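> Data: upload-v3.json, JSON, C-alpha atoms and all ligand atoms.
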```json
[["chain", "number", "residue", "atom", "x", "y", "z"],
["A", 1, "MET", "CA", 5.84, -9.44, 13.80],
["A", 2, "SER", "CA", 5.71, -7.21, 16.89],
["A", 3, "LYS", "CA", 9.33, -6.15, 16.32],
["A", 4, "ILE", "CA", 8.47, -5.09, 12.78],
["A", 5, "HIS", "CA", 5.55, -3.03, 14.09],
["A", 6, "ARG", "CA", 7.76, -1.38, 16.67],
["A", 7, "LYS", "CA", 10.61, -0.52, 14.33],
["A", 8, "PHE", "CA", 8.62, 0.45, 11.24],
["A", 9, "LYS", "CA", 5.62, 1.96, 13.06],
["A", 10, "TYR", "CA", 3.00, 0.21, 10.93],
["A", 11, "LYS", "CA", 0.23, 0.49, 13.53],
["A", 12, "ILE", "CA", 0.98, 4.16, 14.16],
["A", 13, "ASP", "CA", 0.80, 4.74, 10.43],
["A", 14, "GLN", "CA", -2.60, 3.03, 10.20],
["A", 15, "LYS", "CA", -3.95, 5.16, 13.05],
["A", 16, "GLY", "CA", -2.58, 8.18, 11.19],
["A", 17, "ILE", "CA", -4.67, 7.23, 8.14],
["A", 18, "ILE", "CA", -7.95, 7.09, 10.05],
["A", 19, "ASN", "CA", -7.19, 10.29, 11.98],
["A", 20, "ARG", "CA", -6.43, 12.16, 8.78],
["A", 21, "TYR", "CA", -9.59, 10.73, 7.22],
["A", 22, "PHE", "CA", -11.68, 12.21, 10.05],
["A", 23, "HIS", "CA", -10.05, 15.62, 9.49],
["A", 24, "GLU", "CA", -10.41, 15.50, 5.71],
["A", 25, "LYS", "CA", -13.62, 13.49, 5.22],
["A", 26, "GLU", "CA", -15.22, 15.80, 2.62],
["A", 27, "ASN", "CA", -11.94, 16.29, 0.75],
["A", 28, "TRP", "CA", -11.32, 12.54, 0.52],
["A", 29, "LYS", "CA", -14.84, 11.71, -0.63],
["A", 30, "SER", "CA", -14.32, 11.73, -4.39],
["A", 31, "HIS", "CA", -11.02, 9.81, -4.14],
["A", 32, "LEU", "CA", -12.62, 7.07, -2.04],
["A", 33, "GLU", "CA", -15.63, 6.85, -4.34],
["A", 34, "ASN", "CA", -13.45, 6.78, -7.47],
["A", 35, "THR", "CA", -11.35, 3.99, -5.96],
["A", 36, "LYS", "CA", -14.38, 1.86, -5.06],
["A", 37, "LYS", "CA", -15.98, 2.44, -8.46],
["A", 38, "PHE", "CA", -12.81, 1.49, -10.32],
["A", 39, "ILE", "CA", -12.37, -1.70, -8.25],
["A", 40, "LEU", "CA", -15.93, -2.79, -9.09],
["A", 41, "LYS", "CA", -15.45, -2.01, -12.78],
["A", 42, "SER", "CA", -12.23, -4.03, -12.80],
["A", 43, "ALA", "CA", -13.93, -6.93, -10.94],
["A", 44, "LYS", "CA", -16.42, -7.34, -13.80],
["A", 45, "ASN", "CA", -14.13, -9.10, -16.27],
["A", 46, "LYS", "CA", -12.65, -11.60, -13.76],
["A", 47, "ASN", "CA", -13.57, -15.12, -12.64],
["A", 48, "ASN", "CA", -15.57, -14.95, -9.45],
["A", 49, "LYS", "CA", -14.01, -17.43, -7.05],
["A", 50, "ILE", "CA", -11.13, -15.77, -5.18],
["A", 51, "ALA", "CA", -10.49, -12.04, -4.71],
["A", 52, "VAL", "CA", -7.43, -10.78, -2.87],
["A", 53, "ILE", "CA", -7.35, -7.23, -1.51],
["A", 54, "LEU", "CA", -3.88, -5.95, -0.66],
["A", 55, "GLY", "CA", -3.69, -3.06, 1.84],
["A", 56, "SER", "CA", -7.32, -3.37, 3.00],
["A", 57, "GLY", "CA", -6.73, -1.35, 6.19],
["A", 58, "TRP", "CA", -9.84, 0.47, 7.40],
["A", 59, "TRP", "CA", -11.88, -0.41, 4.25],
["A", 60, "LEU", "CA", -12.17, 3.31, 3.49],
["A", 61, "ASP", "CA", -11.58, 2.81, -0.21],
["A", 62, "ILE", "CA", -12.77, -0.80, -0.64],
["A", 63, "PRO", "CA", -16.31, -1.88, -1.57],
["A", 64, "VAL", "CA", -16.09, -4.92, 0.71],
["A", 65, "ILE", "CA", -19.81, -5.74, 0.80],
["A", 66, "GLU", "CA", -20.17, -5.59, -2.98],
["A", 67, "LEU", "CA", -17.03, -7.70, -3.51],
["A", 68, "SER", "CA", -18.26, -10.28, -0.99],
["A", 69, "LYS", "CA", -21.39, -10.66, -3.15],
["A", 70, "ILE", "CA", -19.41, -11.05, -6.40],
["A", 71, "PHE", "CA", -16.67, -13.44, -5.22],
["A", 72, "GLU", "CA", -16.97, -16.75, -3.36],
["A", 73, "THR", "CA", -14.09, -15.79, -1.06],
["A", 74, "VAL", "CA", -12.46, -12.43, -0.42],
["A", 75, "PHE", "CA", -9.04, -12.37, 1.25],
["A", 76, "LEU", "CA", -8.22, -9.12, 3.03],
["A", 77, "ILE", "CA", -4.49, -8.70, 3.45],
["A", 78, "ASP", "CA", -2.70, -6.09, 5.52],
["A", 79, "ILE", "CA", 0.16, -5.85, 8.00],
["A", 80, "PHE", "CA", -2.49, -5.45, 10.71],
["A", 81, "HIS", "CA", -6.29, -5.67, 10.93],
["A", 82, "GLN", "CA", -7.89, -3.36, 13.46],
["A", 83, "LYS", "CA", -10.38, -4.90, 15.90],
["A", 84, "GLU", "CA", -13.15, -2.57, 14.63],
["A", 85, "ILE", "CA", -12.66, -4.07, 11.16],
["A", 86, "LEU", "CA", -12.69, -7.66, 12.43],
["A", 87, "TYR", "CA", -15.92, -6.85, 14.24],
["A", 88, "LYS", "CA", -17.49, -5.33, 11.12],
["A", 89, "ALA", "CA", -16.54, -8.47, 9.18],
["A", 90, "LYS", "CA", -18.49, -10.79, 11.48],
["A", 91, "LYS", "CA", -21.62, -10.24, 9.41],
["A", 92, "ILE", "CA", -19.89, -11.28, 6.15],
["A", 93, "PRO", "CA", -19.08, -15.01, 6.21],
["A", 94, "ASN", "CA", -16.91, -15.23, 3.07],
["A", 95, "LEU", "CA", -14.18, -12.80, 4.20],
["A", 96, "LYS", "CA", -10.80, -14.16, 5.24],
["A", 97, "PHE", "CA", -8.11, -12.09, 6.98],
["A", 98, "ILE", "CA", -4.37, -12.45, 6.60],
["A", 99, "GLU", "CA", -1.80, -10.36, 8.44],
["A", 100, "THR", "CA", 1.47, -10.33, 6.60],
["A", 101, "ASP", "CA", 4.18, -7.99, 5.37],
["A", 102, "ILE", "CA", 3.37, -7.72, 1.66],
["A", 103, "THR", "CA", 6.95, -6.69, 0.81],
["A", 104, "GLY", "CA", 8.30, -9.84, 2.48],
["A", 105, "LEU", "CA", 11.38, -7.74, 3.29],
["A", 106, "ALA", "CA", 10.68, -6.03, 6.62],
["A", 107, "GLU", "CA", 12.08, -8.79, 8.84],
["A", 108, "THR", "CA", 15.09, -9.29, 6.58],
["A", 109, "VAL", "CA", 15.86, -5.56, 6.69],
["A", 110, "LEU", "CA", 15.98, -5.67, 10.48],
["A", 111, "GLU", "CA", 18.29, -8.70, 10.40],
["A", 112, "THR", "CA", 20.48, -6.99, 7.80],
["A", 113, "VAL", "CA", 20.79, -3.82, 9.86],
["A", 114, "ALA", "CA", 21.68, -5.85, 12.97],
["A", 115, "LEU", "CA", 24.36, -7.76, 11.02],
["A", 116, "SER", "CA", 25.75, -4.61, 9.40],
["A", 117, "GLN", "CA", 26.18, -2.94, 12.80],
["A", 118, "LYS", "CA", 28.55, -5.66, 14.00],
["A", 119, "ARG", "CA", 32.22, -4.75, 14.03],
["A", 120, "ASN", "CA", 34.03, -5.51, 10.73],
["A", 121, "ALA", "CA", 30.74, -6.50, 9.13],
["A", 122, "LYS", "CA", 30.66, -6.78, 5.35],
["A", 123, "LYS", "CA", 28.11, -4.47, 3.80],
["A", 124, "ILE", "CA", 25.03, -6.29, 2.51],
["A", 125, "ARG", "CA", 23.40, -4.82, -0.59],
["A", 126, "LEU", "CA", 19.74, -4.00, 0.05],
["A", 127, "THR", "CA", 18.75, -4.94, -3.48],
["A", 128, "ASP", "CA", 20.20, -8.44, -2.92],
["A", 129, "LEU", "CA", 17.67, -9.16, -0.16],
["A", 130, "ILE", "CA", 15.16, -11.84, -1.10],
["A", 131, "PRO", "CA", 11.49, -11.24, -0.21],
["A", 132, "LYS", "CA", 10.11, -13.87, 2.17],
["A", 133, "ILE", "CA", 6.65, -14.04, 0.66],
["A", 134, "SER", "CA", 4.79, -15.86, -2.05],
["A", 135, "ASN", "CA", 1.15, -15.83, -3.11],
["A", 136, "PHE", "CA", 0.55, -12.84, -0.79],
["A", 137, "GLY", "CA", 0.76, -15.08, 2.28],
["A", 138, "ILE", "CA", -2.22, -17.20, 1.10],
["A", 139, "PRO", "CA", -1.74, -20.99, 0.89],
["A", 140, "GLU", "CA", -0.08, -21.81, -2.48],
["A", 141, "ILE", "CA", -2.95, -24.06, -3.53],
["A", 142, "ILE", "CA", -5.34, -21.09, -3.66],
["A", 143, "LYS", "CA", -5.11, -19.23, -6.96],
["A", 144, "PRO", "CA", -6.52, -15.68, -6.95],
["A", 145, "ASP", "CA", -8.87, -14.65, -9.78],
["A", 146, "PHE", "CA", -8.76, -10.99, -8.87],
["A", 147, "ILE", "CA", -5.93, -9.12, -7.14],
["A", 148, "VAL", "CA", -6.48, -5.56, -5.96],
["A", 149, "SER", "CA", -3.58, -3.42, -4.80],
["A", 150, "VAL", "CA", -5.23, -0.43, -3.13],
["A", 151, "ASN", "CA", -3.37, 2.79, -2.47],
["A", 152, "LEU", "CA", -0.48, 0.67, -1.30],
["A", 153, "LEU", "CA", 2.34, 0.65, -3.88],
["A", 154, "ASN", "CA", 4.12, 3.76, -2.62],
["A", 155, "GLN", "CA", 3.40, 2.90, 1.04],
["A", 156, "LEU", "CA", 5.37, -0.33, 0.85],
["A", 157, "ASP", "CA", 8.77, 1.37, 0.71],
["A", 158, "ILE", "CA", 8.14, 4.47, 2.82],
["A", 159, "LEU", "CA", 8.20, 3.09, 6.38],
["A", 160, "ILE", "CA", 11.04, 0.66, 5.70],
["A", 161, "THR", "CA", 13.22, 3.28, 4.08],
["A", 162, "SER", "CA", 12.50, 6.00, 6.65],
["A", 163, "TYR", "CA", 13.79, 3.52, 9.26],
["A", 164, "LEU", "CA", 16.85, 2.83, 7.10],
["A", 165, "LYS", "CA", 17.59, 6.54, 6.68],
["A", 166, "ASN", "CA", 17.86, 6.84, 10.47],
["A", 167, "GLN", "CA", 20.42, 4.03, 10.64],
["A", 168, "ASN", "CA", 23.02, 5.91, 8.55],
["A", 169, "LEU", "CA", 24.24, 2.70, 6.95],
["A", 170, "TYR", "CA", 23.21, 3.30, 3.35],
["A", 171, "SER", "CA", 23.62, 6.23, 0.97],
["A", 172, "PRO", "CA", 20.59, 8.12, -0.44],
["A", 173, "LYS", "CA", 21.22, 6.38, -3.80],
["A", 174, "GLU", "CA", 21.24, 2.93, -2.19],
["A", 175, "ILE", "CA", 18.01, 3.75, -0.40],
["A", 176, "LYS", "CA", 16.38, 5.11, -3.56],
["A", 177, "ASP", "CA", 17.39, 1.93, -5.44],
["A", 178, "PHE", "CA", 15.86, -0.12, -2.64],
["A", 179, "GLN", "CA", 12.58, 1.83, -2.85],
["A", 180, "LYS", "CA", 12.47, 1.04, -6.55],
["A", 181, "TYR", "CA", 13.30, -2.61, -5.82],
["A", 182, "ILE", "CA", 10.42, -2.91, -3.30],
["A", 183, "GLN", "CA", 7.95, -1.32, -5.70],
["A", 184, "GLN", "CA", 9.11, -3.43, -8.67],
["A", 185, "ASN", "CA", 8.82, -6.62, -6.57],
["A", 186, "HIS", "CA", 5.26, -5.64, -5.76],
["A", 187, "LEU", "CA", 4.38, -5.09, -9.42],
["A", 188, "ASN", "CA", 6.01, -8.43, -10.30],
["A", 189, "SER", "CA", 3.81, -10.20, -7.75],
["A", 190, "LEU", "CA", 0.61, -8.96, -9.45],
["A", 191, "LYS", "CA", -0.76, -11.26, -12.17],
["A", 192, "VAL", "CA", -1.54, -10.10, -15.71],
["A", 193, "ASN", "CA", -5.28, -10.28, -16.62],
["A", 194, "LYS", "CA", -6.21, -10.49, -12.93],
["A", 195, "THR", "CA", -5.15, -7.19, -11.44],
["A", 196, "CYS", "CA", -6.55, -3.86, -10.40],
["A", 197, "LEU", "CA", -3.79, -1.48, -9.28],
["A", 198, "ILE", "CA", -4.61, 1.88, -7.74],
["A", 199, "THR", "CA", -1.90, 4.12, -6.38],
["A", 200, "ASP", "CA", -0.99, 7.71, -5.75],
["A", 201, "TYR", "CA", 2.17, 8.44, -7.72],
["A", 202, "LYS", "CA", 2.90, 12.15, -7.28],
["A", 203, "GLU", "CA", 2.57, 14.57, -4.36],
["A", 204, "LEU", "CA", 1.84, 18.23, -5.14],
["A", 205, "ASN", "CA", 2.19, 20.91, -2.48],
["A", 206, "PHE", "CA", 0.46, 24.28, -2.89],
["A", 207, "ASN", "CA", 0.87, 27.40, -0.78],
["A", 208, "LYS", "CA", -1.98, 29.61, 0.45],
["A", 209, "ASN", "CA", -1.96, 31.51, -2.87],
["A", 210, "ASN", "CA", -2.56, 28.23, -4.66],
["A", 211, "VAL", "CA", 0.92, 28.30, -6.18],
["A", 212, "LEU", "CA", 2.75, 24.99, -6.50],
["A", 213, "GLU", "CA", 5.69, 25.11, -4.06],
["A", 214, "TYR", "CA", 7.14, 21.68, -4.81],
["A", 215, "GLU", "CA", 6.27, 18.17, -5.92],
["A", 216, "ASN", "CA", 7.55, 14.69, -5.04],
["A", 217, "GLN", "CA", 7.57, 11.60, -7.17],
["A", 218, "LEU", "CA", 6.15, 8.67, -5.17],
["A", 219, "VAL", "CA", 6.40, 5.83, -7.66],
["A", 220, "PHE", "CA", 9.78, 5.00, -9.19],
["A", 221, "VAL", "CA", 8.83, 2.15, -11.50],
["A", 222, "ASP", "CA", 6.96, 2.01, -14.80],
["A", 223, "PHE", "CA", 3.29, 1.13, -14.70],
["A", 224, "PRO", "CA", 2.40, -2.08, -16.55],
["A", 225, "LYS", "CA", 0.48, -1.80, -19.86],
["A", 226, "ASN", "CA", -3.21, -1.68, -19.01],
["A", 227, "LYS", "CA", -6.54, -2.68, -20.53],
["A", 228, "PHE", "CA", -8.21, 0.43, -19.13],
["A", 229, "GLU", "CA", -7.30, 3.17, -16.70],
["A", 230, "ASP", "CA", -8.56, 6.19, -14.84],
["A", 231, "ASN", "CA", -6.75, 9.13, -13.23],
["A", 232, "TRP", "CA", -7.82, 11.59, -10.56],
["A", 233, "GLU", "CA", -6.59, 13.84, -7.77],
["A", 234, "TRP", "CA", -6.85, 13.06, -4.06],
["A", 235, "LYS", "CA", -7.19, 16.14, -1.85],
["A", 236, "PHE", "CA", -5.09, 14.47, 0.82],
["A", 237, "ASP", "CA", -4.51, 17.33, 3.26],
["A", 238, "MET", "CA", -6.16, 20.71, 2.76],
["A", 239, "ASN", "CA", -5.35, 21.92, 6.28],
["A", 240, "GLY", "CA", -1.56, 22.16, 6.31],
["A", 241, "ARG", "CA", -1.05, 19.27, 8.73],
["A", 242, "TYR", "CA", 0.91, 16.88, 6.50],
["A", 243, "ASN", "CA", 3.25, 19.53, 5.15],
["A", 244, "LYS", "CA", 3.12, 22.61, 7.33],
["A", 245, "ASN", "CA", 0.93, 25.40, 5.92],
["A", 246, "LEU", "CA", 0.67, 23.68, 2.55],
["A", 247, "GLN", "CA", -2.18, 21.93, 0.81],
["A", 248, "THR", "CA", -1.18, 18.47, -0.34],
["A", 249, "ILE", "CA", -2.78, 16.80, -3.32],
["A", 250, "PHE", "CA", -1.87, 13.36, -4.67],
["A", 251, "LYS", "CA", -2.17, 12.36, -8.28],
["A", 252, "VAL", "CA", -3.72, 8.91, -8.46],
["A", 253, "ARG", "CA", -3.68, 6.36, -11.28],
["A", 254, "ALA", "CA", -5.94, 3.31, -11.46],
["A", 255, "ILE", "CA", -5.26, 0.57, -13.98],
["A", 256, "ASP", "CA", -6.73, -2.79, -14.93],
["A", 257, "PHE", "CA", -4.18, -5.17, -16.41],
["B", 301, "LIG", "C1", -2.81, 4.16, 2.46],
["B", 301, "LIG", "S1", -3.48, 2.73, 3.16],
["B", 301, "LIG", "C2", -4.67, 2.33, 1.98],
["B", 301, "LIG", "C3", -6.02, 2.64, 2.52],
["B", 301, "LIG", "C4", -6.71, 1.44, 3.12],
["B", 301, "LIG", "N1", -7.27, 0.63, 2.06],
["B", 301, "LIG", "C5", -7.77, 1.87, 4.10],
["B", 301, "LIG", "O1", -8.94, 1.90, 3.74],
["B", 301, "LIG", "O2", -7.41, 2.18, 5.24],
["B", 301, "LIG", "C6", -2.23, 1.51, 2.96],
["B", 301, "LIG", "C7", -2.51, 0.22, 3.73],
["B", 301, "LIG", "O3", -1.43, -0.66, 3.43],
["B", 301, "LIG", "C8", -0.98, -1.28, 4.61],
["B", 301, "LIG", "N2", 0.45, -1.61, 4.45],
["B", 301, "LIG", "C9", 1.48, -0.75, 4.33],
["B", 301, "LIG", "N3", 2.63, -1.43, 4.22],
["B", 301, "LIG", "C10", 2.31, -2.75, 4.28],
["B", 301, "LIG", "C11", 3.06, -3.95, 4.22],
["B", 301, "LIG", "N4", 4.38, -3.93, 4.10],
["B", 301, "LIG", "N5", 2.41, -5.13, 4.30],
["B", 301, "LIG", "C12", 1.05, -5.15, 4.43],
["B", 301, "LIG", "N6", 0.28, -4.06, 4.48],
["B", 301, "LIG", "C13", 0.91, -2.87, 4.41],
["B", 301, "LIG", "C14", -1.25, -0.27, 5.70],
["B", 301, "LIG", "O4", -1.34, -0.92, 6.96],
["B", 301, "LIG", "C15", -2.55, 0.37, 5.23],
["B", 301, "LIG", "O5", -3.66, -0.28, 5.77]]
```
Could the structure of this file be written out as structure tokens, please?
Ligand SMILES: C[S@@+](CC[C@H](N)C(=O)[O-])C[C@H]1O[C@@H](n2cnc3c(N)ncnc32)[C@H](O)[C@@H]1O

Amino acid sequence: MSKIHRKFKYKIDQKGIINRYFHEKENWKSHLENTKKFILKSAKNKNNKIAVILGSGWWLDIPVIELSKIFETVFLIDIFHQKEILYKAKKIPNLKFIETDITGLAETVLETVALSQKRNAKKIRLTDLIPKISNFGIPEIIKPDFIVSVNLLNQLDILITSYLKNQNLYSPKEIKDFQKYIQQNHLNSLKVNKTCLITDYKELNFNKNNVLEYENQLVFVDFPKNKFEDNWEWKFDMNGRYNKNLQTIFKVRAIDF
């Protein structure tokens, strides 16, 4: 696990989230509230034994206390749980923490890169890699009633593929196909009738005259058919730190399916 953290910078990324939050607190407010509200709405039509929260991080966008009152057990799953969060959780007895790579591919990518760098190595197709994860890292016997994927879908591919881009082993098309593969695997792991999926899917960048300079697609797969949905904008960076001198806004979609 520590090698994955080193190579893909997961912990640095998590620190980046909390630092940006402190800079953008007011701007993030409505996004965080909308996310929590949607999760609680989606929780209403589910059985109340096991909830699984994917990408729980700093709990910024997760109504942990409310969920712990609705469900018998709440699993919080992330690549890393900060000590401040573990401390906060001490007062809530029905929370369980799991640290795992939700893609199940991070370790395999490192092995693949190491193999590919050997002399005369045969090229391994990224989309042939098999994820090493099932049931979100929870024991197989435990069946979730409610699965929440929180502002995670487009994060899953970013750190892995930015590492891959630096290795110069794969073409932009191969990397784009792999991003799609990671995201589709994630959607396939979510169970119909039990899922709340919330994700930013488009990045908009505005200049100081409020003119759109450019946009980036962040999700490359189709959203599943939903029972209900909501959409909003997340004022992610209004201070030109994420993209220099630009204001960055994410379009967010929340679906229950
Ligand atoms: C944008 S944050 C979502 C906000 C988060 N709920 C919070 O309140 O901090 C995405 C979260 O997904 C986690 N994450 C990213 N890639 C992951 C992976 N491959 N496996 C597990 N967790 C991952 C990050 O560590 C981070 O906590």
> Taking only C-alpha atoms and all ligand atoms into account, list the residues no farther than 7 Å from ligand LIG 301 (chain B), as a PyMOL selection string.
chain A and resi 10-11+13-14+17-18+54-62+77-80+100-103+150-152+155-156
> Calculated over all atoms listed in the file, which of the candidates A:Ser189, A:Ile160, A:Asp200, A:Lys180 has the smallest distance to Lys9 (chain A)?
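Between A:Ser189, A:Ile160, A:Asp200, A:Lys180, the residue approaching Lys9 (chain A) most closely is A:Ile160.
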> Which residue is closest to Phe22 (chain A)? Choose from A:Ile98, A:Leu86, A:Ile133, A:Asp237 and count all atoms listed in the file.
A:Asp237
> Just the residues within 8 Å of Lys208 (chain A), please, counting all atoms listed in the file, with nothing from its chain fewer than 4 positions along; format it as an mmCIF file with C-alpha atoms, in the coordinates of the input.

```cif
data_model
loop_
_atom_site.group_PDB
_atom_site.id
_atom_site.type_symbol
_atom_site.label_atom_id
_atom_site.label_comp_id
_atom_site.auth_asym_id
_atom_site.auth_seq_id
_atom_site.Cartn_x
_atom_site.Cartn_y
_atom_site.Cartn_z
ATOM 1 C CA ASN A 245 0.930 25.400 5.920
ATOM 2 C CA LEU A 246 0.670 23.680 2.550
ATOM 3 C CA GLN A 247 -2.180 21.930 0.810
#
```
> Near region 108-113 of chain A, counting only C-alpha atoms, which residues have an atom at most 8 Å away, once you skip same-chain residues fewer than 2 positions from it, shown as a PyMOL selection string?
chain A and resi 4+104-106+115-117+124+126+129+131+160+167+169
